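A.B. asks: One structure, pasted below without further comment.
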Amino acid sequence: MQKEELELELLLLAVYRLSGFDFRQYMNSSIMRRVQNRLRLEQLPGISRLTEKVIEDETVLKKLLDDFSINVTEMFRDPSFFASFRRNVVPHLKRLPQIRIWHAGCSTGEEVYSMAILLEEEGLADKVKIYATDMSEKVLQVADKGVIPLSKMQDYTKNYLQAGGGRSFSEYYTADSHFATLDTKLRENIVFAQHNLVTDSSFNEFHVVICRNVLIYFNQDLQHHVLRLIDASLSQGGFLGLGSKEAIRCEAHPHFVEFDASEKIYRKMLN
């Protein structure tokens with residue numbers, strides 16, 4: 001094992017022992033980029049010194065945990081995914097008396113609010129509960145506020161229209177000179193909560209699980225672990241949405257079948 005790999009392994013072990021957050025099965029390339037950035041910011045000569053700082057100083061540990069939390073998201077990200085969900089999945093959901101959706105790794109919540117808007121437009125808002133989870137308490141606090149920089153709303157409006165939105169997107173928020181605040185009605189059926197896909201277990205049965213652009217940061221063993229967790233969390237006939245660069249090897253997870261291969265939507269088979 002190279003010295004740098006050993007140093008990284010010891011750093012991640014220290015983080016796990018101190019915080020309970022386990023990054024040891026994340027993709028090394030992704031973790032290493034964030035570690036190197038933290039070394040620059042802390043002006044430290046190497047990973048071993050960062051490990052010492054993490055053990056000595058809780059604020060450095062918290063900074064590193066924030067570094068490891070992947071927060072890349074936008075409203076109606078990959079609009080064709082939401083268009084397919086509206087067109088192909090929603091008709092199945094309309095047959096259910098109640099709908100439970102889990103957004104795993106929700107980051108700052110933009111895609112969660114996107115789903116809430118979509119379901120509002122499809123007449124399902126009164127019977128849906130969306131559980132939005134992330135490992136980072138910091139990003140969940142941002143998500144719960146539903147406040148977005150106004151500079152992003154022009155691009156988000158384009159995404160909304162490409163996703164099949166049928167109203168004026170500005171109906172869903174109020175704006176001042178700097179920020180857009182999403183309608184409180186959208187937040188009524190959303191529960192934001194901390195959950196770690198690596199170490200926590202299933203907490204409910206869901207009709208839909210959205211876990212987009214999360215698995216790409218995990219190694220293969222951890223991907224299989226998370227997919228087993230999702231399998232245990234999905235009802236029979238439930239739907240799973242993954243990111244554009246993610247896929248399920250259905251021979252390894254035989255309960256899933258492709259529902260819309262191009263948009264990475266899968267369905268859990270009925271017995």
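Every chain in the structure tokens has a letter given in the order shown (A, B, ...), and although residue numbers restart at 1 in each chain, ligands are simply numbered from 1 in the order shown.
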Tell me which protein, DNA and RNA residues are within 8 Å of Lys129 in chain A, counting only C-alpha atoms, leaving out same-chain ones fewer than 6 positions away, and put them as a VMD selection string.
C.D. replies: chain A and resid 99 to 101 189 to 191
A.B. asks: Please identify all polymer residues within 9 Å of range 35-43 of chain A, counting only C-alpha atoms, omitting same-chain residues fewer than 6 positions from it, and present them as a list of chain:residue names.
C.D. replies: A:Leu8, A:Arg49, A:Leu50, A:Val60, A:Lys63, A:Leu64, A:Asp67, A:Phe68
A.B. asks: Please write the residues from the selection above to a file, keeping C-alpha atoms, as a PDB file, in the first residue's frame.
C.D. replies:
```pdb
ATOM      1  CA  LEU A   8      -6.028   8.283   3.896  1.00  0.00           C
ATOM      2  CA  ARG A  49      -1.054  16.140   9.974  1.00  0.00           C
ATOM      3  CA  LEU A  50      -4.715  16.546   9.006  1.00  0.00           C
ATOM      4  CA  VAL A  60     -11.631  20.775  11.773  1.00  0.00           C
ATOM      5  CA  LYS A  63     -15.215  21.141   8.304  1.00  0.00           C
ATOM      6  CA  LEU A  64     -14.009  17.830   6.860  1.00  0.00           C
ATOM      7  CA  ASP A  67     -16.261  18.666   2.676  1.00  0.00           C
ATOM      8  CA  PHE A  68     -17.294  15.025   2.320  1.00  0.00           C
TER       9      PHE A  68
END
```
A.B. asks: Write out as a list in words the residues lying within 12 Å of Glu171 in chain A, counting only C-alpha atoms and excluding same-chain residues fewer than 2 positions away.
C.D. replies: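 So, after excluding close chain neighbours, the residues are Ile117, Glu121, Thr157, Gly165, Gly166, Arg167, Ser168, Phe169, Tyr173, Thr174, Ala175, Ala180, Thr181, Leu182, Asp183, Thr184, Lys185 and Leu186 of chain A.
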A.B. asks: From the list A:Thr133, A:Ser170, A:Ser114, A:Thr51, which residue is nearest Leu18 in chain A when using only C-alpha atoms?
C.D. replies: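 Checking each of A:Thr133, A:Ser170, A:Ser114, A:Thr51 against Leu18 in chain A, counting only C-alpha atoms, the winner is A:Thr51.
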A.B. asks: For range 125-203 of chain A against range 222-235 of chain A, with a cut-off of 8 Å and counting only C-alpha atoms, what is the closest atom pair and its distance in Å to one decimal for every residue that makes the cut, ordered by chain and number, as a tab-separated table?
C.D. replies:
```
residue	atom	partner	partner_atom	distance
A:Leu197	CA	A:Val226	CA	6.4
A:Val198	CA	A:Val226	CA	7.0
A:Ser201	CA	A:Leu229	CA	6.9
A:Ser202	CA	A:Ser233	CA	5.7
A:Phe203	CA	A:Ser233	CA	7.4
```
A.B. asks: Can you write just those residues out, N, CA, C and O atoms, as a PDB file, in the first residue's frame?
C.D. replies:
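To be explicit, this is the file written out as out24.pdb:
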```pdb
ATOM      1  N   LEU A 197     -26.889   6.716   4.625  1.00  0.00           N
ATOM      2  CA  LEU A 197     -27.086   5.517   3.815  1.00  0.00           C
ATOM      3  C   LEU A 197     -26.057   4.435   4.119  1.00  0.00           C
ATOM      4  O   LEU A 197     -26.316   3.252   3.905  1.00  0.00           O
ATOM      5  N   VAL A 198     -24.907   4.841   4.633  1.00  0.00           N
ATOM      6  CA  VAL A 198     -23.832   3.882   4.875  1.00  0.00           C
ATOM      7  C   VAL A 198     -24.074   3.088   6.151  1.00  0.00           C
ATOM      8  O   VAL A 198     -23.847   1.874   6.199  1.00  0.00           O
ATOM      9  N   SER A 201     -30.301   2.110   8.914  1.00  0.00           N
ATOM     10  CA  SER A 201     -31.142   1.077   8.317  1.00  0.00           C
ATOM     11  C   SER A 201     -32.391   1.689   7.686  1.00  0.00           C
ATOM     12  O   SER A 201     -32.609   2.897   7.735  1.00  0.00           O
ATOM     13  N   SER A 202     -33.213   0.833   7.089  1.00  0.00           N
ATOM     14  CA  SER A 202     -34.483   1.271   6.513  1.00  0.00           C
ATOM     15  C   SER A 202     -35.400   1.771   7.619  1.00  0.00           C
ATOM     16  O   SER A 202     -35.401   1.239   8.733  1.00  0.00           O
ATOM     17  N   PHE A 203     -36.199   2.792   7.328  1.00  0.00           N
ATOM     18  CA  PHE A 203     -37.046   3.366   8.368  1.00  0.00           C
ATOM     19  C   PHE A 203     -38.524   3.428   7.981  1.00  0.00           C
ATOM     20  O   PHE A 203     -39.344   3.915   8.751  1.00  0.00           O
TER      21      PHE A 203
END
```
A.B. asks: Residues at most 6 Å from range 237-248 of chain A, counting only C-alpha atoms, excluding those fewer than 4 positions away in the same chain, as a PyMOL selection string?
C.D. replies: chain A and resi 207-213+264-270
A.B. asks: Write a file of the just-selected residues containing C-alpha atoms, as a PDB file, in the first residue's frame.
C.D. replies:
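Everything below was put into selection_39.pdb:
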```
ATOM      1  CA  HIS A 207     -43.697   3.646  -3.079  1.00  0.00           C
ATOM      2  CA  VAL A 208     -40.875   5.685  -4.645  1.00  0.00           C
ATOM      3  CA  VAL A 209     -37.208   6.086  -3.745  1.00  0.00           C
ATOM      4  CA  ILE A 210     -35.197   8.838  -5.422  1.00  0.00           C
ATOM      5  CA  CYS A 211     -31.450   8.365  -4.955  1.00  0.00           C
ATOM      6  CA  ARG A 212     -29.895  10.286  -7.800  1.00  0.00           C
ATOM      7  CA  ASN A 213     -26.184  11.006  -8.234  1.00  0.00           C
ATOM      8  CA  LYS A 264     -32.561   5.208 -15.070  1.00  0.00           C
ATOM      9  CA  ILE A 265     -35.963   4.480 -13.551  1.00  0.00           C
ATOM     10  CA  TYR A 266     -36.381   0.971 -12.160  1.00  0.00           C
ATOM     11  CA  ARG A 267     -39.305  -0.914 -10.703  1.00  0.00           C
ATOM     12  CA  LYS A 268     -39.330  -3.486  -7.930  1.00  0.00           C
ATOM     13  CA  MET A 269     -40.995  -6.600  -9.276  1.00  0.00           C
ATOM     14  CA  LEU A 270     -44.363  -7.758  -8.034  1.00  0.00           C
TER      15      LEU A 270
END
```
A.B. asks: Do you have the CA of Lys3 in chain A-CA of Arg34 in chain A distance handy?
C.D. replies: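 About the pair CA of Lys3 in chain A and CA of Arg34 in chain A: they are 17.9 Å apart.
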A.B. asks: Please identify which residues in range 173-255 of chain A DSSP calls helix (DSSP H, G or I) from the backbone, and express them as number ranges by chain.
C.D. replies: A: 184-187, 215-217, 220-233
A.B. asks: Measuring between only C-alpha atoms, which one of A:Ser177, A:Asn71, A:Thr199, A:Ser48 shows the shortest distance to Leu6 in chain A?
C.D. replies: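 Selected residue with least distance to Leu6 in chain A: A:Ser48.
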A.B. asks: By how many Å are CA of Gln154 in chain A and CA of Val214 in chain A apart?
C.D. replies: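 Spanning CA of Gln154 in chain A to CA of Val214 in chain A is a straight-line distance of 25.7 Å.
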A.B. asks: Find, counting only C-alpha atoms, the residue in A:Glu110, A:Glu205, A:Asp221, A:Asp260 that gets nearest to Arg77 in chain A.
C.D. replies: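 The answer is A:Glu110, which sits nearest to Arg77 in chain A.
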A.B. asks: If you count only C-alpha atoms, which residues fall within 12 Å of Glu122 in chain A, apart from same-chain ones fewer than 2 positions away, as a list in words?
C.D. replies: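 Those residues are Phe85, Arg86, Arg87, Val89, Val90, Pro91, His92, Leu93, Lys94, Met115, Ala116, Ile117, Leu118, Leu119, Glu120, Leu124, Ala125, Asp126, Lys127, Val128, Gly164, Gly165, Gly166 and Arg167 of chain A.
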A.B. asks: Interatomic distance between CA of Ile47 in chain A and CA of Glu7 in chain A?
C.D. replies: 5.9 Å
A.B. asks: Please run DSSP on the backbone and report, as a VMD selection string, all residues within range 19-232 of chain A that come out as strand (DSSP E or B).
C.D. replies: chain A and resid 26 99 to 104 128 to 134 147 to 149 173 to 175 179 to 182 190 to 194 206 to 211 218
